[in-house]
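Visitor: Take a look at model.cif, mmCIF, C-alpha atoms (C1' of nucleotides):
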```cif
data_model
loop_
_atom_site.label_atom_id
_atom_site.label_comp_id
_atom_site.auth_asym_id
_atom_site.auth_seq_id
_atom_site.Cartn_x
_atom_site.Cartn_y
_atom_site.Cartn_z
CA MET A 280 -2.91 31.91 -28.27
CA SER A 281 -5.54 31.14 -25.70
CA GLU A 282 -4.52 27.58 -24.92
CA THR A 283 -4.50 28.58 -21.31
CA PHE A 284 -6.91 25.86 -20.18
CA SER A 285 -6.19 22.15 -20.52
CA THR A 286 -8.46 19.19 -20.10
CA ILE A 287 -7.35 16.35 -17.91
CA GLY A 288 -6.45 14.33 -20.98
CA GLN A 289 -4.18 17.03 -22.35
CA MET A 290 -2.47 17.34 -19.00
CA CYS A 291 -1.89 13.60 -18.85
CA ALA A 292 -0.33 13.59 -22.29
CA GLU A 293 1.80 16.60 -21.52
CA PHE A 294 3.19 15.36 -18.22
CA ASP A 295 2.90 11.62 -18.62
CA VAL A 296 0.66 11.03 -15.64
CA THR A 297 -2.74 9.36 -15.27
CA PRO A 298 -6.08 11.08 -14.70
CA ARG A 299 -6.22 9.36 -11.34
CA THR A 300 -3.00 11.08 -10.34
CA LEU A 301 -4.31 14.54 -11.23
CA ARG A 302 -7.59 13.95 -9.40
CA PHE A 303 -5.62 12.67 -6.46
CA TYR A 304 -3.44 15.77 -6.41
CA GLU A 305 -6.53 17.92 -6.55
CA SER A 306 -8.03 16.04 -3.60
CA LYS A 307 -4.82 16.70 -1.69
CA GLU A 308 -5.00 20.40 -2.61
CA LEU A 309 -1.87 20.40 -4.72
CA LEU A 310 -3.76 21.47 -7.83
CA PHE A 311 -6.80 23.68 -8.22
CA PRO A 312 -8.38 23.18 -11.63
CA VAL A 313 -11.43 25.30 -12.30
CA ARG A 314 -14.67 23.68 -13.35
CA ASP A 315 -16.62 23.78 -16.57
CA GLY A 316 -19.72 22.11 -15.29
CA SER A 317 -18.26 18.96 -13.83
CA ARG A 318 -15.18 18.88 -16.02
CA ARG A 319 -11.84 20.05 -14.77
CA LEU A 320 -9.94 22.74 -16.61
CA PHE A 321 -6.29 23.06 -15.66
CA THR A 322 -4.70 26.48 -15.81
CA ARG A 323 -1.22 27.72 -16.51
CA ARG A 324 -0.76 27.88 -12.76
CA ASP A 325 -1.70 24.22 -12.41
CA ARG A 326 0.84 23.30 -15.04
CA ALA A 327 3.56 25.20 -13.24
CA ARG A 328 2.62 23.52 -9.98
CA LEU A 329 2.49 20.07 -11.51
CA LYS A 330 5.95 20.54 -12.93
CA LEU A 331 7.23 21.39 -9.49
CA ILE A 332 5.34 18.48 -7.94
CA LEU A 333 6.95 15.97 -10.27
CA GLN A 334 10.35 17.52 -9.67
CA GLY A 335 9.89 17.43 -5.92
CA LYS A 336 8.93 13.78 -6.09
CA ARG A 337 12.20 12.92 -7.75
CA PHE A 338 14.00 14.45 -4.80
CA GLY A 339 12.16 12.18 -2.42
CA PHE A 340 9.85 14.79 -0.95
CA SER A 341 6.41 13.65 0.14
CA LEU A 342 3.35 15.23 -1.39
CA GLU A 343 2.64 16.97 1.88
CA GLU A 344 6.12 18.51 1.93
CA ILE A 345 5.70 19.53 -1.67
CA ARG A 346 2.37 21.12 -0.89
CA GLN A 347 4.02 23.33 1.71
CA LEU A 348 6.79 24.25 -0.69
CA LEU A 349 4.35 25.12 -3.44
CA ASP A 350 2.80 27.78 -1.29
CA LEU A 351 6.00 29.74 -1.61
CA TYR A 352 5.60 29.99 -5.34
CA ASP A 353 2.21 31.60 -4.84
CA ILE A 354 3.63 34.47 -2.91
CA GLY A 355 2.30 36.96 -5.40
CA ASP A 356 -1.18 35.60 -4.78
CA GLN A 357 -0.94 35.59 -1.05
CA GLN A 358 -2.07 38.81 0.46
CA ARG A 359 -2.77 38.49 4.10
CA THR A 360 -1.60 34.97 4.85
CA GLN A 361 1.20 33.74 7.02
CA LEU A 362 3.90 34.58 4.52
CA ALA A 363 6.67 34.81 7.05
CA ARG A 364 5.89 31.33 8.30
CA THR A 365 5.91 29.98 4.76
CA TYR A 366 9.26 31.61 4.27
CA GLU A 367 10.68 29.81 7.28
CA VAL A 368 9.37 26.47 6.06
CA ALA A 369 10.96 27.07 2.69
CA MET A 370 14.22 28.02 4.34
CA GLU A 371 14.32 24.73 6.19
CA ARG A 372 13.44 22.87 3.03
CA LEU A 373 16.21 24.68 1.19
CA ASP A 374 18.74 23.65 3.80
CA ALA A 375 17.53 20.08 3.55
CA MET A 376 17.93 20.18 -0.20
CA LYS A 377 21.45 21.51 0.07
CA ALA A 378 22.37 18.86 2.60
CA GLN A 379 20.90 16.24 0.33
CA ARG A 380 22.85 17.57 -2.61
CA ASP A 381 26.10 17.43 -0.63
CA GLU A 382 25.42 13.89 0.50
CA LEU A 383 24.53 12.91 -3.01
CA THR A 384 27.73 14.43 -4.35
CA ALA A 385 29.73 12.48 -1.79
CA ALA A 386 27.89 9.27 -2.60
CA ILE A 387 28.57 9.75 -6.29
CA GLY A 388 32.25 10.08 -5.54
CA GLU A 389 32.27 6.91 -3.47
CA LEU A 390 30.37 4.98 -6.08
CA GLU A 391 32.77 6.15 -8.75
CA ASP A 392 35.65 4.84 -6.68
CA GLN A 393 33.96 1.49 -6.33
CA MET A 394 33.36 1.37 -10.04
CA GLN A 395 36.99 2.09 -10.71
CA THR A 396 37.85 -0.93 -8.59
CA ALA A 397 35.25 -2.95 -10.43
CA ARG A 398 36.75 -1.92 -13.76
CA ASP A 399 40.19 -3.06 -12.64
CA ILE A 400 38.86 -6.45 -11.58
CA LEU A 401 36.89 -6.93 -14.77
CA ARG A 402 39.82 -5.93 -16.97
CA ALA A 403 42.12 -8.25 -15.05
CA ARG A 404 39.67 -10.99 -15.97
CA GLY A 405 39.85 -9.94 -19.58
CA VAL A 406 36.38 -8.42 -19.66
CA ALA A 407 35.98 -5.30 -21.75
CA VAL A 408 34.09 -2.54 -19.99
CA ALA A 409 33.05 0.98 -20.89
CA ALA A 410 34.77 3.97 -19.36
CA MET B 30 39.26 -5.61 19.86
CA SER B 31 36.75 -8.21 18.87
CA GLU B 32 33.62 -6.09 18.90
CA THR B 33 33.03 -7.32 15.39
CA PHE B 34 29.59 -8.78 16.08
CA SER B 35 26.64 -6.72 17.18
CA THR B 36 23.28 -7.77 18.53
CA ILE B 37 20.18 -6.31 17.02
CA GLY B 38 19.82 -3.98 19.96
CA GLN B 39 23.31 -2.57 19.53
CA MET B 40 22.65 -2.03 15.86
CA CYS B 41 19.44 -0.20 16.61
CA ALA B 42 21.18 2.13 19.03
CA GLU B 43 24.06 2.74 16.65
CA PHE B 44 21.97 3.55 13.59
CA ASP B 45 18.74 4.76 15.17
CA VAL B 46 16.49 2.18 13.57
CA THR B 47 14.05 -0.33 15.05
CA PRO B 48 14.53 -4.10 15.30
CA ARG B 49 11.62 -4.49 12.91
CA THR B 50 13.51 -2.51 10.30
CA LEU B 51 16.61 -4.69 10.55
CA ARG B 52 14.58 -7.89 10.37
CA PHE B 53 12.72 -6.47 7.42
CA TYR B 54 15.97 -5.65 5.63
CA GLU B 55 17.19 -9.16 6.28
CA SER B 56 13.99 -10.60 4.84
CA LYS B 57 14.57 -8.51 1.74
CA GLU B 58 18.16 -9.75 1.54
CA LEU B 59 19.75 -6.40 2.18
CA LEU B 60 21.50 -7.64 5.31
CA PHE B 61 22.89 -11.07 6.16
CA PRO B 62 23.45 -11.38 9.90
CA VAL B 63 24.85 -14.71 11.04
CA ARG B 64 23.04 -16.72 13.66
CA ASP B 65 23.90 -17.66 17.21
CA GLY B 66 21.12 -20.13 17.74
CA SER B 67 18.11 -18.03 16.85
CA ARG B 68 19.72 -14.69 17.61
CA ARG B 69 21.08 -12.48 14.88
CA LEU B 70 24.67 -11.30 14.97
CA PHE B 71 25.45 -8.40 12.68
CA THR B 72 28.92 -8.17 11.20
CA ARG B 73 31.12 -5.31 10.13
CA ARG B 74 29.88 -5.96 6.62
CA ASP B 75 26.28 -5.57 7.74
CA ARG B 76 27.13 -2.27 9.35
CA ALA B 77 28.73 -1.00 6.17
CA ARG B 78 25.72 -2.12 4.16
CA LEU B 79 23.23 -0.56 6.56
CA LYS B 80 25.04 2.75 6.36
CA LEU B 81 24.70 2.64 2.58
CA ILE B 82 21.07 1.60 2.82
CA LEU B 83 20.16 4.57 4.99
CA GLN B 84 22.10 6.88 2.71
CA GLY B 85 20.38 5.48 -0.36
CA LYS B 86 17.00 6.00 1.23
CA ARG B 87 17.69 9.68 1.69
CA PHE B 88 18.26 9.91 -2.05
CA GLY B 89 14.85 8.49 -2.74
CA PHE B 90 16.00 5.08 -3.94
CA SER B 91 13.74 2.12 -3.26
CA LEU B 92 15.04 -0.76 -1.20
CA GLU B 93 15.11 -2.90 -4.31
CA GLU B 94 17.27 -0.35 -6.13
CA ILE B 95 19.53 -0.12 -3.11
CA ARG B 96 19.83 -3.89 -2.99
CA GLN B 97 21.15 -3.91 -6.53
CA LEU B 98 23.60 -1.14 -5.76
CA LEU B 99 24.88 -2.87 -2.66
CA ASP B 100 26.06 -5.80 -4.70
CA LEU B 101 28.68 -3.57 -6.21
CA TYR B 102 30.28 -3.00 -2.85
CA ASP B 103 30.68 -6.74 -2.44
CA ILE B 104 32.74 -7.10 -5.54
CA GLY B 105 35.67 -8.46 -3.56
CA ASP B 106 33.36 -11.21 -2.32
CA GLN B 107 31.90 -12.10 -5.64
CA GLN B 108 33.83 -14.78 -7.39
CA ARG B 109 31.92 -16.32 -10.19
CA THR B 110 28.77 -14.21 -10.28
CA GLN B 111 27.46 -11.88 -12.93
CA LEU B 112 29.86 -9.11 -12.08
CA ALA B 113 29.69 -7.46 -15.47
CA ARG B 114 25.92 -7.24 -15.20
CA THR B 115 26.18 -5.73 -11.75
CA TYR B 116 28.61 -3.22 -13.14
CA GLU B 117 26.12 -2.17 -15.78
CA VAL B 118 23.36 -1.76 -13.24
CA ALA B 119 25.63 0.38 -11.10
CA MET B 120 26.55 2.46 -14.12
CA GLU B 121 22.91 3.22 -14.78
CA ARG B 122 22.35 4.00 -11.14
CA LEU B 123 25.35 6.32 -11.16
CA ASP B 124 23.95 8.20 -14.15
CA ALA B 125 20.62 8.48 -12.39
CA MET B 126 22.34 9.88 -9.32
CA LYS B 127 24.21 12.45 -11.38
CA ALA B 128 21.00 13.47 -13.14
CA GLN B 129 19.30 13.75 -9.79
CA ARG B 130 22.12 15.88 -8.45
CA ASP B 131 21.90 18.21 -11.44
CA GLU B 132 18.16 18.54 -11.10
CA LEU B 133 18.53 19.16 -7.41
CA THR B 134 21.13 21.83 -8.02
CA ALA B 135 18.82 23.54 -10.48
CA ALA B 136 15.89 23.31 -8.10
CA ILE B 137 17.99 24.84 -5.32
CA GLY B 138 18.81 27.75 -7.59
CA GLU B 139 15.18 28.30 -8.47
CA LEU B 140 14.07 28.11 -4.89
CA GLU B 141 16.76 30.58 -3.89
CA ASP B 142 15.42 32.99 -6.49
CA GLN B 143 11.92 32.60 -5.14
CA MET B 144 13.16 33.23 -1.65
CA GLN B 145 14.91 36.37 -2.77
CA THR B 146 11.57 37.59 -4.10
CA ALA B 147 9.94 36.58 -0.86
CA ARG B 148 12.55 38.52 1.11
CA ASP B 149 11.88 41.63 -0.96
CA ILE B 150 8.16 41.40 -0.35
CA LEU B 151 8.56 40.78 3.36
CA ARG B 152 11.00 43.64 3.79
CA ALA B 153 8.71 45.94 1.84
CA ARG B 154 6.09 45.10 4.42
CA GLY B 155 8.54 45.90 7.15
CA VAL B 156 9.10 42.32 8.22
CA ALA B 157 12.63 41.45 9.29
CA VAL B 158 13.93 38.24 7.78
CA ALA B 159 17.16 36.28 7.96
CA ALA B 160 19.59 36.23 5.06
"C1'" DG C 168 12.34 -20.64 40.78
"C1'" DT C 169 10.71 -16.49 39.33
"C1'" DG C 170 10.85 -12.27 37.33
"C1'" DA C 171 12.81 -9.24 34.00
"C1'" DC C 172 15.20 -8.61 29.79
"C1'" DG C 173 16.30 -9.24 25.21
"C1'" DC C 174 15.50 -11.68 21.48
"C1'" DC C 175 12.66 -14.65 18.40
"C1'" DT C 176 8.64 -15.75 14.88
"C1'" DT C 177 4.00 -15.13 13.09
"C1'" DA C 178 0.72 -12.25 11.54
"C1'" DC C 179 -2.31 -8.57 10.97
"C1'" DG C 180 -2.45 -3.21 10.63
"C1'" DT C 181 -1.11 1.34 8.57
"C1'" DG C 182 -0.13 5.56 5.67
"C1'" DA C 183 1.33 7.20 1.29
"C1'" DA C 184 0.47 7.27 -3.47
"C1'" DC C 185 -1.77 5.91 -6.49
"C1'" DG C 186 -4.36 1.65 -9.64
"C1'" DT C 187 -8.57 -0.37 -11.00
"C1'" DC C 188 -13.32 -1.12 -11.70
"C1'" DA C 189 -18.20 0.11 -11.89
"C1'" DA C 190 -21.79 3.09 -13.05
"C1'" DC C 191 -23.13 7.52 -14.87
"C1'" DT C 192 -22.99 12.26 -17.91
"C1'" DT C 193 -21.98 14.84 -21.68
"C1'" DG C 194 -20.63 16.52 -26.11
"C1'" DA C 195 -19.37 15.32 -30.87
"C1'" DC C 196 -20.25 12.66 -34.97
"C1'" DG C 197 -22.42 9.74 -38.77
"C1'" DC D 237 -31.21 8.75 -32.82
"C1'" DG D 238 -27.57 5.78 -31.43
"C1'" DT D 239 -23.00 5.40 -29.92
"C1'" DC D 240 -18.51 6.44 -28.84
"C1'" DA D 241 -14.82 8.92 -26.63
"C1'" DA D 242 -13.73 11.57 -22.79
"C1'" DG D 243 -14.95 13.02 -18.65
"C1'" DT D 244 -17.16 12.41 -13.79
"C1'" DT D 245 -17.66 10.36 -8.81
"C1'" DG D 246 -17.32 6.73 -5.51
"C1'" DA D 247 -15.24 2.79 -3.62
"C1'" DC D 248 -12.28 -0.99 -3.10
"C1'" DG D 249 -7.41 -3.01 -4.23
"C1'" DT D 250 -2.26 -2.75 -4.26
"C1'" DT D 251 2.66 -1.91 -3.24
"C1'" DC D 252 6.17 -0.26 -0.25
"C1'" DA D 253 8.20 0.16 4.12
"C1'" DC D 254 7.67 -0.68 7.94
"C1'" DG D 255 4.47 -0.57 12.95
"C1'" DT D 256 2.30 -3.24 16.31
"C1'" DA D 257 0.65 -6.69 19.07
"C1'" DA D 258 0.72 -11.70 20.68
"C1'" DG D 259 3.02 -15.41 22.36
"C1'" DG D 260 7.35 -18.21 23.14
"C1'" DC D 261 12.44 -19.14 24.35
"C1'" DG D 262 16.96 -18.46 26.89
"C1'" DT D 263 19.62 -16.51 30.56
"C1'" DC D 264 20.95 -13.67 34.20
"C1'" DA D 265 20.04 -11.62 39.07
"C1'" DC D 266 18.08 -12.32 43.12
#
```
Could I get this structure in the form of structure tokens?

Guide:
Amino acid sequence: MSETFSTIGQMCAEFDVTPRTLRFYESKELLFPVRDGSRRLFTRRDRARLKLILQGKRFGFSLEEIRQLLDLYDIGDQQRTQLARTYEVAMERLDAMKAQRDELTAAIGELEDQMQTARDILRARGVAVAA
Amino acid sequence: MSETFSTIGQMCAEFDVTPRTLRFYESKELLFPVRDGSRRLFTRRDRARLKLILQGKRFGFSLEEIRQLLDLYDIGDQQRTQLARTYEVAMERLDAMKAQRDELTAAIGELEDQMQTARDILRARGVAVAA
DNA sequence: GTGACGCCTTACGTGAACGTCAACTTGACG
DNA sequence: CGTCAAGTTGACGTTCACGTAAGGCGTCAC
């Protein structure tokens, strides 16, 4: 019950990324593993951040955008920083995400229409297709 | 009523992209402008495709993924090609889009929670924040 | 005819996000 | 003691999606 620290290898296995990726994220200040001599030890906090990083990437956010977003999740840690500014950034990002979701929903609908047309054509040609 | 062809400059103004971008998309076979001598003339079809390209980009799809998707919208044009295969590709892409939408929806919810927490903290410090 | 545009091709440059390779420690094991 | 796996730091290479000159052609206004 003290598996709180992970080596780079464990992290790679857990999240399916390469060591290079984790070192790269550290260099870009997205992760902050502590050191045991020269070796990196990733904390629970790093794991939480990495999860969010990978999620953000799937939404098309750049690492720099993700880095800004991540700061919001450290609010408990921030004491005297520019919290209000971070809040504003997050608000903008949230709006962008909602807009993206709406667009995506619309695009899904359009694509579904196209696929209905495609199904009709294929069936008219005698080709069996899945629903 | 024959504004069906556009020059590269008109396209750039209409879609807020650079000439380089349109030439690049042509080189990657995403667009197929006809030629008037050496000059490109973009058709209604190219405009429709470009709109989809730009939309796809906002969803984080690569140009290669978008190129595959675009084929589906040309189904009327395809006569003897591998339509069934294209249909399958589109089906996978559609599933990916739905998964992405679901993830995005979840992420929006989580971020909203975080921002609620942030609001509480800011207000406790006497900082006024928007809803 | 001579600019000034607008367009063309060719080709090298760039930033993001890593991949890859070399050379070196360091701890565990037989 | 050797060596082997797992880690380290550079440093250069790669892919994607264009940016950015450099130089040439056609045509329209003056």

Visitor: For B:Phe44, please output as a list in words all residues within 10 Å (counting all atoms listed in the file; exclusion window: fewer than 3 positions along the same chain).

Guide: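 My reading of the contact set: Gln39, Met40, Cys41, Thr47, Arg76, Leu79, Lys80 and Leu83 of chain B.
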
Visitor: Select all residues from chain D having any atom no more than 12 Å from an atom of chain A (counting all atoms listed in the file, ignoring ligands), output as a list in words.

Guide: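 Per the criterion, chain D yields DA241, DA242, DG243, DT244 and DT245 of chain D.
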
Visitor: If you count all atoms listed in the file, which residues fall within 10 Å of D:DG249, apart from same-chain ones fewer than 6 positions away, as number ranges by chain?

Guide: C: 186-188

Visitor: Using all atoms listed in the file, what table do you get, as a tab-separated table, when you list each residue of chain A with an atom no more than 9 Å from chain B, its nearest pair of atoms, and their distance in Å rounded to one decimal, rows by chain then rising number?

Guide:
```
residue	atom	partner	partner_atom	distance
A:Leu331	CA	B:Ala136	CA	9.0
A:Gln334	CA	B:Glu132	CA	8.0
A:Gly335	CA	B:Ala136	CA	8.7
A:Lys336	CA	B:Gly89	CA	8.6
A:Arg337	CA	B:Gly89	CA	7.2
A:Phe338	CA	B:Gly89	CA	6.4
A:Gly339	CA	B:Gly89	CA	4.6
A:Phe340	CA	B:Gly89	CA	8.2
A:Leu351	CA	B:Gln143	CA	7.5
A:Tyr352	CA	B:Gln143	CA	6.8
A:Ile354	CA	B:Ala147	CA	7.0
A:Gly355	CA	B:Ala147	CA	8.9
A:Leu362	CA	B:Leu151	CA	7.8
A:Ala363	CA	B:Leu151	CA	7.3
A:Tyr366	CA	B:Ala147	CA	7.2
A:Ala369	CA	B:Met144	CA	7.8
A:Met370	CA	B:Met144	CA	8.0
A:Leu373	CA	B:Ile137	CA	6.8
A:Met376	CA	B:Ile137	CA	6.9
A:Lys377	CA	B:Ile137	CA	7.2
A:Gln379	CA	B:Phe88	CA	7.3
A:Arg380	CA	B:Arg130	CA	6.1
A:Asp381	CA	B:Arg130	CA	8.9
A:Glu382	CA	B:Gln84	CA	8.1
A:Leu383	CA	B:Arg130	CA	6.7
A:Thr384	CA	B:Arg130	CA	7.1
A:Ala386	CA	B:Gln84	CA	8.2
A:Ile387	CA	B:Leu123	CA	6.8
A:Leu390	CA	B:Leu123	CA	7.3
A:Glu391	CA	B:Leu123	CA	7.8
A:Gln393	CA	B:Tyr102	CA	6.8
A:Met394	CA	B:Tyr116	CA	7.3
A:Thr396	CA	B:Ile104	CA	8.6
A:Ala397	CA	B:Ile104	CA	6.9
A:Arg398	CA	B:Tyr116	CA	8.3
A:Ile400	CA	B:Ile104	CA	8.6
A:Leu401	CA	B:Ala113	CA	7.3
A:Val406	CA	B:Ala113	CA	8.0
A:Val408	CA	B:Ala113	CA	8.0
```

Visitor: In Å, with one decimal, what is the gap from atom CA of A:Leu320 to atom CA of A:Tyr304?

Guide: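 Between atom CA of A:Leu320 and atom CA of A:Tyr304 the gap works out to 14.0 Å.
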
Visitor: For a quick check of understanding, using all atoms listed in the file, which of C:DA189, C:DA178, C:DG194, C:DC172 has the smallest distance to chain A?

Guide: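 Going through C:DA189, C:DA178, C:DG194, C:DC172 one by one, the smallest distance to chain A is for C:DG194.
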
Visitor: If you measure from atom CA of B:Ser35 to atom CA of B:Arg64, what distance in Å do you get, rounded to one decimal?

Guide: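 Distance reported for this atom pair: 11.2 Å.
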
Visitor: Take atom CA of B:Ser91 and atom C1' of D:DC254 and report the distance between them in Å, one decimal.

Guide: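 Distance reported for this atom pair: 13.0 Å.
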